[in-house]
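J.: Supplied in structure tokens, the structure appears directly below.
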Amino acid sequence: MLHIKETIVVEGKYDRERLKKITDAAIICTGGFSLYSNKNIITSIRKMAKTTGVLILTDSDCAGFRIRNYIKQCVG
């Protein structure tokens with residue numbers, strides 16, 4: 001099992017489930033574009049970015065690009 005100290009941010013629940021099998025890192029699921037309407041997710045990501053740092057793992061498609069940029073804009 002990989003030990004990663006940073007929090008991992010992923011798009012979907014299947015991404016989270018696959019990562020749980022190989023790492024013990026904390027994982028936050030954005031739920032895709034529901035990230036825009038759920039401010040609790042952004043608050044959690046901001047908190048984890050300050051304490052542990054975050055790794056953003058999204059798909060390399062248009063949706064993943066938009067989600068990545070939104071998180072980077074919100075977290076700073």
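The way I read the labels, and the way they are meant: chains A, B, ... in the order of the structure tokens, residue 1 as the first residue of every chain, and ligand 1 as the first ligand shown, with later ones counted on from there.
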Show which residues sit within 8 Å of stretch 38-49 of chain A, as a ChimeraX atom specification. Count only C-alpha atoms, and ignore same-chain residues fewer than 6 positions away.

T.: /A:7,9,28,30,71,74-75

J.: Please produce a file of the residues just selected, as a PDB file, in the first residue's frame, where the atoms kept are C-alpha atoms.

T.:
```
ATOM      1  CA  THR A   7      -4.963  14.568   0.171  1.00  0.00           C
ATOM      2  CA  VAL A   9      -8.893  15.008  -5.075  1.00  0.00           C
ATOM      3  CA  ILE A  28     -11.972  13.782  -1.612  1.00  0.00           C
ATOM      4  CA  THR A  30     -15.785  16.189  -6.241  1.00  0.00           C
ATOM      5  CA  ILE A  71     -10.132  24.015  -7.757  1.00  0.00           C
ATOM      6  CA  CYS A  74     -10.636  28.512  -5.375  1.00  0.00           C
ATOM      7  CA  VAL A  75      -7.652  27.240  -3.414  1.00  0.00           C
TER       8      VAL A  75
END
```

J.: To one decimal place, how far is atom CA of A:Met1 from atom CA of A:Ser60 in Å?

T.: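 So the answer is 25.3 Å.
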
J.: Could you pull out the helix (DSSP H, G or I) residues of chain A, going by DSSP on the backbone, and write them as a VMD selection string?

T.: chain A and resid 13 to 20 32 to 36 39 to 51 62 to 75

J.: What does the file look like for those residues with C-alpha atoms, as a PDB file, in the first residue's frame?

T.:
```pdb
ATOM      1  CA  LYS A  13     -16.709   7.742  -6.773  1.00  0.00           C
ATOM      2  CA  TYR A  14     -15.196   4.978  -8.931  1.00  0.00           C
ATOM      3  CA  ASP A  15     -11.904   6.876  -9.015  1.00  0.00           C
ATOM      4  CA  ARG A  16     -12.034   7.073  -5.225  1.00  0.00           C
ATOM      5  CA  GLU A  17     -12.767   3.358  -4.861  1.00  0.00           C
ATOM      6  CA  ARG A  18      -9.854   2.369  -7.088  1.00  0.00           C
ATOM      7  CA  LEU A  19      -7.418   4.621  -5.230  1.00  0.00           C
ATOM      8  CA  LYS A  20      -8.562   3.263  -1.853  1.00  0.00           C
ATOM      9  CA  GLY A  32     -17.995  15.958 -11.112  1.00  0.00           C
ATOM     10  CA  PHE A  33     -19.638  19.307 -11.726  1.00  0.00           C
ATOM     11  CA  SER A  34     -21.604  19.120  -8.451  1.00  0.00           C
ATOM     12  CA  LEU A  35     -18.440  20.711  -7.090  1.00  0.00           C
ATOM     13  CA  TYR A  36     -19.773  24.057  -8.329  1.00  0.00           C
ATOM     14  CA  LYS A  39     -19.478  24.620  -1.189  1.00  0.00           C
ATOM     15  CA  ASN A  40     -18.653  22.009   1.482  1.00  0.00           C
ATOM     16  CA  ILE A  41     -16.373  20.224  -0.968  1.00  0.00           C
ATOM     17  CA  ILE A  42     -14.404  23.388  -1.752  1.00  0.00           C
ATOM     18  CA  THR A  43     -14.183  24.183   1.962  1.00  0.00           C
ATOM     19  CA  SER A  44     -12.770  20.706   2.625  1.00  0.00           C
ATOM     20  CA  ILE A  45     -10.266  21.012  -0.207  1.00  0.00           C
ATOM     21  CA  ARG A  46      -9.108  24.423   1.051  1.00  0.00           C
ATOM     22  CA  LYS A  47      -8.659  23.064   4.571  1.00  0.00           C
ATOM     23  CA  MET A  48      -6.689  20.051   3.366  1.00  0.00           C
ATOM     24  CA  ALA A  49      -4.571  22.206   1.039  1.00  0.00           C
ATOM     25  CA  LYS A  50      -3.430  24.240   4.044  1.00  0.00           C
ATOM     26  CA  THR A  51      -2.747  21.256   6.296  1.00  0.00           C
ATOM     27  CA  CYS A  62     -12.660  19.005 -21.040  1.00  0.00           C
ATOM     28  CA  ALA A  63     -14.560  18.305 -17.820  1.00  0.00           C
ATOM     29  CA  GLY A  64     -11.398  17.355 -15.943  1.00  0.00           C
ATOM     30  CA  PHE A  65      -9.659  20.480 -17.178  1.00  0.00           C
ATOM     31  CA  ARG A  66     -12.529  22.696 -15.980  1.00  0.00           C
ATOM     32  CA  ILE A  67     -12.676  21.007 -12.570  1.00  0.00           C
ATOM     33  CA  ARG A  68      -8.888  21.276 -12.120  1.00  0.00           C
ATOM     34  CA  ASN A  69      -8.889  24.973 -12.976  1.00  0.00           C
ATOM     35  CA  TYR A  70     -11.860  25.672 -10.710  1.00  0.00           C
ATOM     36  CA  ILE A  71     -10.132  24.015  -7.757  1.00  0.00           C
ATOM     37  CA  LYS A  72      -6.873  25.847  -8.455  1.00  0.00           C
ATOM     38  CA  GLN A  73      -8.780  29.139  -8.646  1.00  0.00           C
ATOM     39  CA  CYS A  74     -10.636  28.512  -5.375  1.00  0.00           C
ATOM     40  CA  VAL A  75      -7.652  27.240  -3.414  1.00  0.00           C
TER      41      VAL A  75
END
```

J.: Any chance you could list, as a ChimeraX atom specification, the residues in chain A that come up strand (DSSP E or B) when DSSP is run on the backbone?

T.: /A:2,7-10,23,27-29,54-57

J.: Keeping N, CA, C and O atoms, export the residues of the selection given above as a PDB file, in the first residue's frame.

T.:
```
ATOM      1  N   LEU A   2       0.566   2.204  -0.832  1.00  0.00           N
ATOM      2  CA  LEU A   2       1.333   3.434  -0.918  1.00  0.00           C
ATOM      3  C   LEU A   2       0.925   4.403   0.179  1.00  0.00           C
ATOM      4  O   LEU A   2      -0.263   4.612   0.411  1.00  0.00           O
ATOM      5  N   THR A   7      -3.593  14.988   0.443  1.00  0.00           N
ATOM      6  CA  THR A   7      -4.963  14.568   0.171  1.00  0.00           C
ATOM      7  C   THR A   7      -5.144  14.512  -1.338  1.00  0.00           C
ATOM      8  O   THR A   7      -4.707  15.403  -2.058  1.00  0.00           O
ATOM      9  N   ILE A   8      -5.791  13.475  -1.811  1.00  0.00           N
ATOM     10  CA  ILE A   8      -6.018  13.303  -3.242  1.00  0.00           C
ATOM     11  C   ILE A   8      -7.442  13.736  -3.574  1.00  0.00           C
ATOM     12  O   ILE A   8      -8.386  13.329  -2.910  1.00  0.00           O
ATOM     13  N   VAL A   9      -7.584  14.552  -4.613  1.00  0.00           N
ATOM     14  CA  VAL A   9      -8.893  15.008  -5.075  1.00  0.00           C
ATOM     15  C   VAL A   9      -9.178  14.335  -6.412  1.00  0.00           C
ATOM     16  O   VAL A   9      -8.372  14.428  -7.344  1.00  0.00           O
ATOM     17  N   VAL A  10     -10.316  13.637  -6.505  1.00  0.00           N
ATOM     18  CA  VAL A  10     -10.695  12.935  -7.731  1.00  0.00           C
ATOM     19  C   VAL A  10     -12.086  13.369  -8.164  1.00  0.00           C
ATOM     20  O   VAL A  10     -12.844  13.955  -7.392  1.00  0.00           O
ATOM     21  N   THR A  23      -3.783   3.016  -1.871  1.00  0.00           N
ATOM     22  CA  THR A  23      -3.166   4.016  -1.011  1.00  0.00           C
ATOM     23  C   THR A  23      -3.978   4.225   0.263  1.00  0.00           C
ATOM     24  O   THR A  23      -5.181   3.959   0.285  1.00  0.00           O
ATOM     25  N   ILE A  27      -8.923  10.871   0.584  1.00  0.00           N
ATOM     26  CA  ILE A  27      -9.406  11.105  -0.781  1.00  0.00           C
ATOM     27  C   ILE A  27     -10.698  11.899  -0.716  1.00  0.00           C
ATOM     28  O   ILE A  27     -11.616  11.542   0.024  1.00  0.00           O
ATOM     29  N   ILE A  28     -10.757  12.974  -1.498  1.00  0.00           N
ATOM     30  CA  ILE A  28     -11.972  13.782  -1.612  1.00  0.00           C
ATOM     31  C   ILE A  28     -12.514  13.608  -3.022  1.00  0.00           C
ATOM     32  O   ILE A  28     -11.793  13.771  -3.997  1.00  0.00           O
ATOM     33  N   CYS A  29     -13.802  13.293  -3.119  1.00  0.00           N
ATOM     34  CA  CYS A  29     -14.465  13.116  -4.403  1.00  0.00           C
ATOM     35  C   CYS A  29     -15.283  14.370  -4.716  1.00  0.00           C
ATOM     36  O   CYS A  29     -16.104  14.792  -3.900  1.00  0.00           O
ATOM     37  N   VAL A  54      -2.620  19.088  -1.492  1.00  0.00           N
ATOM     38  CA  VAL A  54      -3.548  18.270  -2.279  1.00  0.00           C
ATOM     39  C   VAL A  54      -2.921  17.871  -3.605  1.00  0.00           C
ATOM     40  O   VAL A  54      -2.102  18.594  -4.165  1.00  0.00           O
ATOM     41  N   LEU A  55      -3.312  16.703  -4.067  1.00  0.00           N
ATOM     42  CA  LEU A  55      -2.985  16.213  -5.396  1.00  0.00           C
ATOM     43  C   LEU A  55      -4.300  16.122  -6.155  1.00  0.00           C
ATOM     44  O   LEU A  55      -5.225  15.442  -5.704  1.00  0.00           O
ATOM     45  N   ILE A  56      -4.392  16.801  -7.275  1.00  0.00           N
ATOM     46  CA  ILE A  56      -5.630  16.796  -8.053  1.00  0.00           C
ATOM     47  C   ILE A  56      -5.469  15.804  -9.194  1.00  0.00           C
ATOM     48  O   ILE A  56      -4.632  15.988 -10.074  1.00  0.00           O
ATOM     49  N   LEU A  57      -6.274  14.760  -9.167  1.00  0.00           N
ATOM     50  CA  LEU A  57      -6.247  13.735 -10.208  1.00  0.00           C
ATOM     51  C   LEU A  57      -7.592  13.725 -10.924  1.00  0.00           C
ATOM     52  O   LEU A  57      -8.566  13.168 -10.421  1.00  0.00           O
TER      53      LEU A  57
END
```

J.: Out of A:Asp59, A:Gly31, A:Asp24, A:Gly53, which residue has the shortest atom-to-atom distance to A:Gly76 when counting only C-alpha atoms?

T.: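 Smallest separation from A:Gly76 among the options: A:Gly53.
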